[in-house]
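**Q** One file: start24.cif (mmCIF, C-alpha atoms).
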```cif
data_model
#
loop_
_atom_site.label_atom_id
_atom_site.label_comp_id
_atom_site.auth_asym_id
_atom_site.auth_seq_id
_atom_site.Cartn_x
_atom_site.Cartn_y
_atom_site.Cartn_z
CA MET S 1102 -18.47 -22.53 -3.56
CA CYS S 1103 -15.69 -21.50 -5.90
CA SER S 1104 -12.01 -20.67 -5.70
CA SER S 1105 -9.65 -18.43 -7.62
CA ASP S 1106 -5.97 -17.50 -7.64
CA LEU S 1107 -5.21 -13.92 -6.69
CA LEU S 1108 -1.92 -12.46 -7.91
CA ILE S 1109 -0.21 -10.48 -5.13
CA VAL S 1110 2.44 -8.02 -6.31
CA PRO S 1111 4.42 -6.84 -3.28
CA PHE S 1112 5.13 -3.42 -1.88
CA PRO S 1113 7.73 -2.88 0.87
CA ASN S 1114 5.26 -3.16 3.75
CA VAL S 1115 5.06 -5.50 6.72
CA HIS S 1116 1.48 -6.69 7.31
CA LEU S 1117 -0.46 -7.85 10.34
CA THR S 1118 -3.28 -10.02 9.00
CA PHE S 1119 -6.08 -12.06 10.47
CA ARG S 1120 -7.54 -15.06 8.71
CA ASP S 1121 -10.31 -16.91 10.52
CA GLY S 1122 -9.36 -14.98 13.67
CA VAL S 1123 -5.70 -16.06 13.65
CA GLY S 1124 -3.13 -13.26 13.56
CA GLU S 1125 0.02 -13.44 11.44
CA ILE S 1126 2.90 -11.12 10.61
CA SER S 1127 3.98 -11.15 6.98
CA GLY S 1128 7.35 -9.66 6.09
CA VAL S 1129 8.14 -7.97 2.80
CA THR S 1130 7.81 -10.44 -0.07
CA SER S 1131 10.63 -10.17 -2.58
CA GLY S 1132 8.58 -11.56 -5.48
CA HIS S 1133 5.00 -12.01 -6.60
CA THR S 1134 2.86 -14.66 -4.95
CA TYR S 1135 -0.52 -16.26 -5.52
CA LYS S 1136 -3.23 -16.60 -2.90
CA VAL S 1137 -6.07 -19.08 -3.34
CA LEU S 1138 -9.42 -17.53 -2.47
CA SER S 1139 -12.25 -19.95 -1.82
CA GLY S 1140 -15.60 -20.04 -0.08
CA HIS S 1141 -16.61 -17.06 2.02
CA ALA S 1142 -13.59 -16.66 4.29
CA SER S 1143 -12.55 -13.10 5.11
CA VAL S 1144 -9.17 -11.49 5.76
CA PHE S 1145 -8.49 -8.36 7.81
CA GLY S 1146 -5.12 -6.68 7.57
CA VAL S 1147 -2.97 -3.76 8.69
CA ALA S 1148 -0.12 -2.48 6.52
CA PHE S 1149 2.69 -0.75 8.42
CA ARG S 1150 4.50 2.16 6.77
CA PRO S 1151 7.75 0.95 5.20
CA GLY S 1152 10.47 1.20 7.84
CA CYS S 1153 8.09 1.67 10.75
CA PHE S 1154 7.71 -1.95 11.88
CA ARG S 1155 11.34 -2.04 13.08
CA PRO S 1156 10.52 -0.38 16.45
CA PHE S 1157 7.77 -2.94 17.10
CA LEU S 1158 9.99 -5.87 16.11
CA GLY S 1159 13.09 -4.78 18.01
CA THR S 1160 15.45 -6.31 15.45
CA SER S 1161 16.20 -6.18 11.74
CA VAL S 1162 13.07 -6.35 9.58
CA ALA S 1163 15.11 -8.42 7.13
CA THR S 1164 14.59 -11.36 9.52
CA LEU S 1165 10.94 -11.37 8.34
CA THR S 1166 11.56 -11.00 4.61
CA ASP S 1167 9.73 -13.72 2.66
CA ARG S 1168 8.42 -15.15 5.95
CA VAL S 1169 5.11 -15.37 7.80
CA VAL S 1170 5.18 -15.81 11.58
CA PRO S 1171 2.45 -15.97 14.26
CA ALA S 1172 1.59 -12.52 15.55
CA ASP S 1173 2.14 -13.56 19.16
CA ARG S 1174 5.84 -14.04 18.40
CA VAL S 1175 6.12 -10.28 17.96
CA PHE S 1176 3.39 -8.83 20.15
CA ALA S 1177 2.88 -9.66 23.82
CA GLY S 1178 -0.55 -11.18 24.22
CA ALA S 1179 -2.81 -12.47 21.51
CA PRO S 1180 -4.20 -9.80 19.15
CA PRO S 1181 -7.94 -9.27 19.41
CA ALA S 1182 -10.62 -10.39 17.04
CA PRO S 1183 -10.12 -8.69 13.66
CA ASP S 1184 -12.05 -5.46 13.84
CA ALA S 1185 -10.53 -2.08 13.14
CA GLU S 1186 -11.15 -0.47 16.53
CA GLY S 1187 -9.93 -3.49 18.50
CA VAL S 1188 -6.73 -3.85 16.50
CA GLU S 1189 -6.04 -0.11 16.72
CA ARG S 1190 -6.38 -0.21 20.52
CA PHE S 1191 -4.15 -3.29 20.64
CA LEU S 1192 -1.39 -1.61 18.62
CA ARG S 1193 -1.63 1.74 20.38
CA ALA S 1194 -1.20 0.00 23.73
CA ARG S 1195 2.08 -1.45 22.43
CA LEU S 1196 3.50 1.58 20.68
CA PRO S 1197 7.31 1.56 20.95
CA ALA S 1198 9.43 4.59 21.70
CA PRO S 1199 9.77 7.01 18.76
CA ASP S 1200 12.52 6.05 16.34
CA PRO S 1201 13.64 8.92 14.09
CA VAL S 1202 15.49 6.52 11.78
CA ALA S 1203 12.25 4.64 11.13
CA GLU S 1204 10.62 7.90 10.08
CA ARG S 1205 13.56 8.72 7.81
CA MET S 1206 13.28 5.34 6.12
CA ALA S 1207 9.54 5.78 5.65
CA ASP S 1208 10.23 9.17 4.07
CA ALA S 1209 12.92 7.61 1.84
CA VAL S 1210 10.48 5.02 0.48
CA GLU S 1211 7.86 7.72 -0.02
CA LEU S 1212 10.42 9.77 -1.96
CA VAL S 1213 11.05 6.81 -4.28
CA ALA S 1214 7.31 6.31 -4.75
CA ASN S 1215 6.68 9.95 -5.61
CA GLU S 1216 9.77 10.75 -7.71
CA PRO S 1217 9.78 8.87 -11.04
CA GLY S 1218 13.21 10.30 -11.85
CA ILE S 1219 14.90 8.23 -9.15
CA ALA S 1220 16.08 5.11 -10.98
CA ARG S 1221 19.34 4.18 -9.20
CA VAL S 1222 20.49 3.72 -5.61
CA ASP S 1223 23.24 6.32 -5.93
CA GLU S 1224 20.64 8.89 -7.03
CA LEU S 1225 18.54 8.14 -3.96
CA ALA S 1226 21.58 8.29 -1.69
CA ALA S 1227 22.48 11.71 -3.09
CA ARG S 1228 18.94 12.98 -2.50
CA LEU S 1229 19.13 11.77 1.10
CA HIS S 1230 22.67 13.13 1.65
CA THR S 1231 24.10 9.75 2.59
CA THR S 1232 26.22 6.98 1.06
CA VAL S 1233 25.06 3.97 -0.91
CA ARG S 1234 26.52 1.60 1.70
CA THR S 1235 24.70 3.35 4.56
CA LEU S 1236 21.47 3.37 2.61
CA GLN S 1237 21.73 -0.35 1.87
CA ARG S 1238 22.34 -1.11 5.54
CA LEU S 1239 19.43 1.02 6.76
CA PHE S 1240 17.00 -0.36 4.19
CA GLY S 1241 17.86 -3.92 5.20
CA GLU S 1242 17.48 -3.09 8.89
CA TYR S 1243 14.31 -1.02 8.70
CA VAL S 1244 12.51 -1.83 5.45
CA GLY S 1245 13.54 -5.46 5.17
CA ILE S 1246 14.74 -5.30 1.59
CA GLY S 1247 17.32 -3.30 -0.34
CA PRO S 1248 16.86 0.13 -1.91
CA LYS S 1249 17.47 -1.27 -5.41
CA TRP S 1250 14.45 -3.56 -5.03
CA VAL S 1251 12.29 -0.69 -3.72
CA ILE S 1252 13.26 1.59 -6.60
CA ARG S 1253 12.62 -1.15 -9.15
CA ARG S 1254 9.24 -1.97 -7.60
CA TYR S 1255 7.93 1.58 -7.87
CA ARG S 1256 9.35 2.16 -11.33
CA LEU S 1257 7.70 -1.06 -12.54
CA ARG S 1258 4.40 0.14 -11.10
CA GLU S 1259 4.75 3.11 -13.44
CA VAL S 1260 5.34 0.71 -16.32
CA ALA S 1261 2.06 -1.05 -15.52
CA ASP S 1262 0.25 2.29 -15.38
CA ARG S 1263 1.62 3.42 -18.75
CA LEU S 1264 1.37 0.23 -20.81
CA THR S 1265 -1.74 1.31 -22.66
CA THR S 1266 -0.36 4.71 -23.68
CA THR S 1267 3.39 4.31 -24.22
CA ASP S 1268 5.47 1.70 -26.07
CA LEU S 1269 7.85 -0.46 -24.04
CA ALA S 1270 11.01 0.76 -25.75
CA THR S 1271 10.25 4.35 -24.76
CA ILE S 1272 9.42 3.38 -21.18
CA ALA S 1273 12.61 1.32 -20.92
CA ALA S 1274 14.74 4.23 -22.10
CA GLU S 1275 13.06 6.70 -19.73
CA LEU S 1276 13.58 4.40 -16.74
CA GLY S 1277 17.25 3.84 -17.47
CA TYR S 1278 17.08 0.25 -18.73
CA ALA S 1279 19.71 -0.86 -21.22
CA ASP S 1280 16.98 -2.12 -23.54
CA GLN S 1281 13.41 -3.38 -23.67
CA ALA S 1282 14.49 -6.96 -22.94
CA HIS S 1283 15.89 -6.00 -19.53
CA LEU S 1284 12.67 -4.19 -18.67
CA THR S 1285 10.61 -7.21 -19.72
CA ARG S 1286 12.73 -9.52 -17.57
CA ASP S 1287 12.33 -7.35 -14.47
CA PHE S 1288 8.62 -6.87 -15.05
CA THR S 1289 8.03 -10.60 -15.47
CA ALA S 1290 9.94 -11.42 -12.29
CA MET S 1291 7.88 -8.91 -10.31
CA PHE S 1292 4.42 -9.32 -11.87
CA GLY S 1293 4.50 -12.98 -12.86
CA GLU S 1294 3.94 -12.34 -16.58
CA PRO S 1295 5.46 -10.27 -19.40
CA PRO S 1296 4.22 -6.70 -19.79
CA THR S 1297 2.51 -7.51 -23.10
CA HIS S 1298 0.37 -10.21 -21.41
CA TYR S 1299 -0.36 -7.89 -18.50
CA ARG S 1300 -1.52 -5.18 -20.91
CA GLU S 1301 -3.83 -7.57 -22.75
CA ARG S 1302 -5.53 -8.66 -19.52
CA TYR S 1303 -5.84 -5.29 -17.81
#
```
Spell out the structure here as structure tokens.
**A**
Amino acid sequence: MCSSDLLIVPFPNVHLTFRDGVGEISGVTSGHTYKVLSGHASVFGVAFRPGCFRPFLGTSVATLTDRVVPADRVFAGAPPAPDAEGVERFLRARLPAPDPVAERMADAVELVANEPGIARVDELAARLHTTVRTLQRLFGEYVGIGPKWVIRRYRLREVADRLTTTDLATIAAELGYADQAHLTRDFTAMFGEPPTHYRERY
């Protein structure tokens, strides 16, 4: 039997996970975490689209940020054993009424993910034809974390993807950072190590 530490770098998803048959709801994690893997235990999980857990929860998703709660606190009845068909039936039986705002927030996060040119909250607000204040409120309510964090997370993913082909100073300038040091600070906070160390390992 052996164990290892797994680095978890977050995306803005709420997860329903089962470990040893016990269901848990994990909110968005604002920073990287480590999970210890040991033995032969298995984990089964469902990732909800960003913004789309709010109708299930019935309150602000920010109440779950950086928290893990038992699944039966959110869903009536205990979730089934962790198999894909059983969990799908369980969730479909509890589908909430359609929420068009949830869909708009999911689309907003997808826009950030797919548009590298979006580097600031005001740019995203302009693309969505809304105000920065409204966007901040809706992200907190539906996504569980602010739009600035979401933008930074996806832009830093691009940094990780480009580390072997582009120097950090160029990447920093293209992403709107004041200098390479600011990029390194953000990357380290999110990924748990400086970009140079990350590049050497991966």
**Q** Record the distance separating CA of Phe1176 (chain S) and CA of Phe1191 (chain S), expressed in Å with one decimal.
**A**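 Separating CA of Phe1176 (chain S) from CA of Phe1191 (chain S) is a distance of 9.4 Å.
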**Q** Dump as a ChimeraX atom specification all residues having an atom at most 7 Å from (7.7, -9.7, -19.4), computed in the file's coordinates with only C-alpha atoms.
**A** /S:1285-1286,1288-1289,1294-1297
**Q** Show which residues sit within 12 Å of Asp1167 (chain S), as a PyMOL selection string. Count all atoms listed in the file, and ignore same-chain residues fewer than 5 positions away.
**A** chain S and resi 1111+1113-1116+1126-1134+1162+1245-1246
**Q** On this structure, which residues satisfy the PyMOL selection byres ((chain S and resi 1159) around 12), written as a list in words?
**A**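 When the PyMOL selection byres ((chain S and resi 1159) around 12) is applied to the shown file, the picked residues are Cys1153, Phe1154, Arg1155, Pro1156, Phe1157, Leu1158, Thr1160, Ser1161, Val1162, Ala1163, Thr1164, Leu1165, Arg1174, Val1175, Phe1176, Leu1196, Pro1197, Ala1198, Asp1200, Ala1203, Glu1242 and Tyr1243 of chain S.
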**Q** Measuring between only C-alpha atoms, which one of S:Met1291, S:Val1202, S:Val1260, S:Ala1220 shows the shortest distance to Leu1236 (chain S)?
**A**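 Counting only C-alpha atoms, the residue closest to Leu1236 (chain S) is S:Val1202.
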**Q** Measure the distance from CA of Ala1290 (chain S) to CA of Glu1125 (chain S) in Å and round it to one decimal.
**A**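 So the answer is 25.8 Å.
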**Q** Box time for region 1155-1158 of chain S: axis-aligned, enclosing all its listed atoms, 5 Å extra on each side; report centre and edge lengths in Å to one decimal, as JSON.
**A**
```
{"center_x": 9.6, "center_y": -3.1, "center_z": 15.1, "size_x": 13.6, "size_y": 15.5, "size_z": 14.0}
```
**Q** With all atoms listed in the file as the counted atoms, please give the residues lying no more than 12 Å from Thr1265 (chain S), apart from itself and same-chain residues fewer than 6 positions off, as a list in words.
**A**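 Non-adjacent residues within range: Glu1259, Ile1272, Pro1296, Thr1297, His1298, Tyr1299, Arg1300, Glu1301, Arg1302 and Tyr1303 of chain S.
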**Q** Hey, what's within 9 Å of Met1206 (chain S) if we count only C-alpha atoms and toss same-chain stuff fewer than 5 positions away? As a ChimeraX atom specification, please?
**A** /S:1151-1153,1201,1211,1239-1240,1243-1244
**Q** In Å, rounded to a single decimal, give me how far CA of Leu1269 (chain S) is from CA of Gly1293 (chain S).
**A** 17.1 Å
**Q** Out of S:Arg1193, S:Arg1120, S:Arg1150, S:His1283, which residue has the shortest atom-to-atom distance to Ala1172 (chain S) when counting only C-alpha atoms?
**A**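 For Ala1172 (chain S), the nearest of the given residues is S:Arg1120.
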**Q** Run the PyMOL selection byres ((chain S and resi 1254-1257) around 9) on the file and write out the hits as a CSV table (one decimal) with C-alpha atoms, keeping the file's coordinate frame.
**A**
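For reference, selection36.csv as written:
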```csv
chain,number,residue,atom,x,y,z
S,1111,PRO,CA,4.4,-6.8,-3.3
S,1112,PHE,CA,5.1,-3.4,-1.9
S,1113,PRO,CA,7.7,-2.9,0.9
S,1213,VAL,CA,11.0,6.8,-4.3
S,1214,ALA,CA,7.3,6.3,-4.8
S,1215,ASN,CA,6.7,10.0,-5.6
S,1217,PRO,CA,9.8,8.9,-11.0
S,1219,ILE,CA,14.9,8.2,-9.2
S,1220,ALA,CA,16.1,5.1,-11.0
S,1249,LYS,CA,17.5,-1.3,-5.4
S,1250,TRP,CA,14.4,-3.6,-5.0
S,1251,VAL,CA,12.3,-0.7,-3.7
S,1252,ILE,CA,13.3,1.6,-6.6
S,1253,ARG,CA,12.6,-1.2,-9.2
S,1258,ARG,CA,4.4,0.1,-11.1
S,1259,GLU,CA,4.8,3.1,-13.4
S,1260,VAL,CA,5.3,0.7,-16.3
S,1261,ALA,CA,2.1,-1.0,-15.5
S,1262,ASP,CA,0.2,2.3,-15.4
S,1276,LEU,CA,13.6,4.4,-16.7
S,1284,LEU,CA,12.7,-4.2,-18.7
S,1287,ASP,CA,12.3,-7.4,-14.5
S,1288,PHE,CA,8.6,-6.9,-15.0
S,1291,MET,CA,7.9,-8.9,-10.3
S,1292,PHE,CA,4.4,-9.3,-11.9
```
**Q** Taking all atoms listed in the file into account, which of S:Thr1231, S:Gly1241, S:Gly1218, S:Thr1271 comes nearest Thr1166 (chain S)?
**A** S:Gly1241
**Q** On this file, the PyMOL selection byres ((chain S and resi 1223) around 10) gives some set of residues; write that set as a tab-separated table (two decimals) with C-alpha atoms, in the coordinates of the input.
**A**
```
chain	number	residue	atom	x	y	z
S	1219	ILE	CA	14.90	8.23	-9.15
S	1220	ALA	CA	16.08	5.11	-10.98
S	1221	ARG	CA	19.34	4.18	-9.20
S	1222	VAL	CA	20.49	3.72	-5.61
S	1224	GLU	CA	20.64	8.89	-7.03
S	1225	LEU	CA	18.54	8.14	-3.96
S	1226	ALA	CA	21.58	8.29	-1.69
S	1227	ALA	CA	22.48	11.71	-3.09
S	1228	ARG	CA	18.94	12.98	-2.50
S	1229	LEU	CA	19.13	11.77	1.10
S	1231	THR	CA	24.10	9.75	2.59
S	1232	THR	CA	26.22	6.98	1.06
S	1233	VAL	CA	25.06	3.97	-0.91
S	1234	ARG	CA	26.52	1.60	1.70
S	1236	LEU	CA	21.47	3.37	2.61
S	1248	PRO	CA	16.86	0.13	-1.91
S	1249	LYS	CA	17.47	-1.27	-5.41
```
**Q** Determine the nearest neighbour of Val1170 (chain S) from the options S:Leu1117, S:Arg1195, S:Ala1274, S:Glu1189, counting all atoms listed in the file.
**A**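 Using all atoms listed in the file, Val1170 (chain S) sits closest to S:Leu1117.
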**Q** From the options S:Glu1216, S:Glu1275, S:Asp1184, S:Asp1268, which residue's atoms come nearest to Gly1146 (chain S), counting all atoms listed in the file?
**A**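 When distances to Gly1146 (chain S) are compared using all atoms listed in the file, the smallest one comes from S:Asp1184.
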**Q** Using only C-alpha atoms for the distances, tell me which of S:Arg1205, S:Leu1212, S:Gln1281, S:Gly1124 is nearest to Gly1178 (chain S).
**A** S:Gly1124
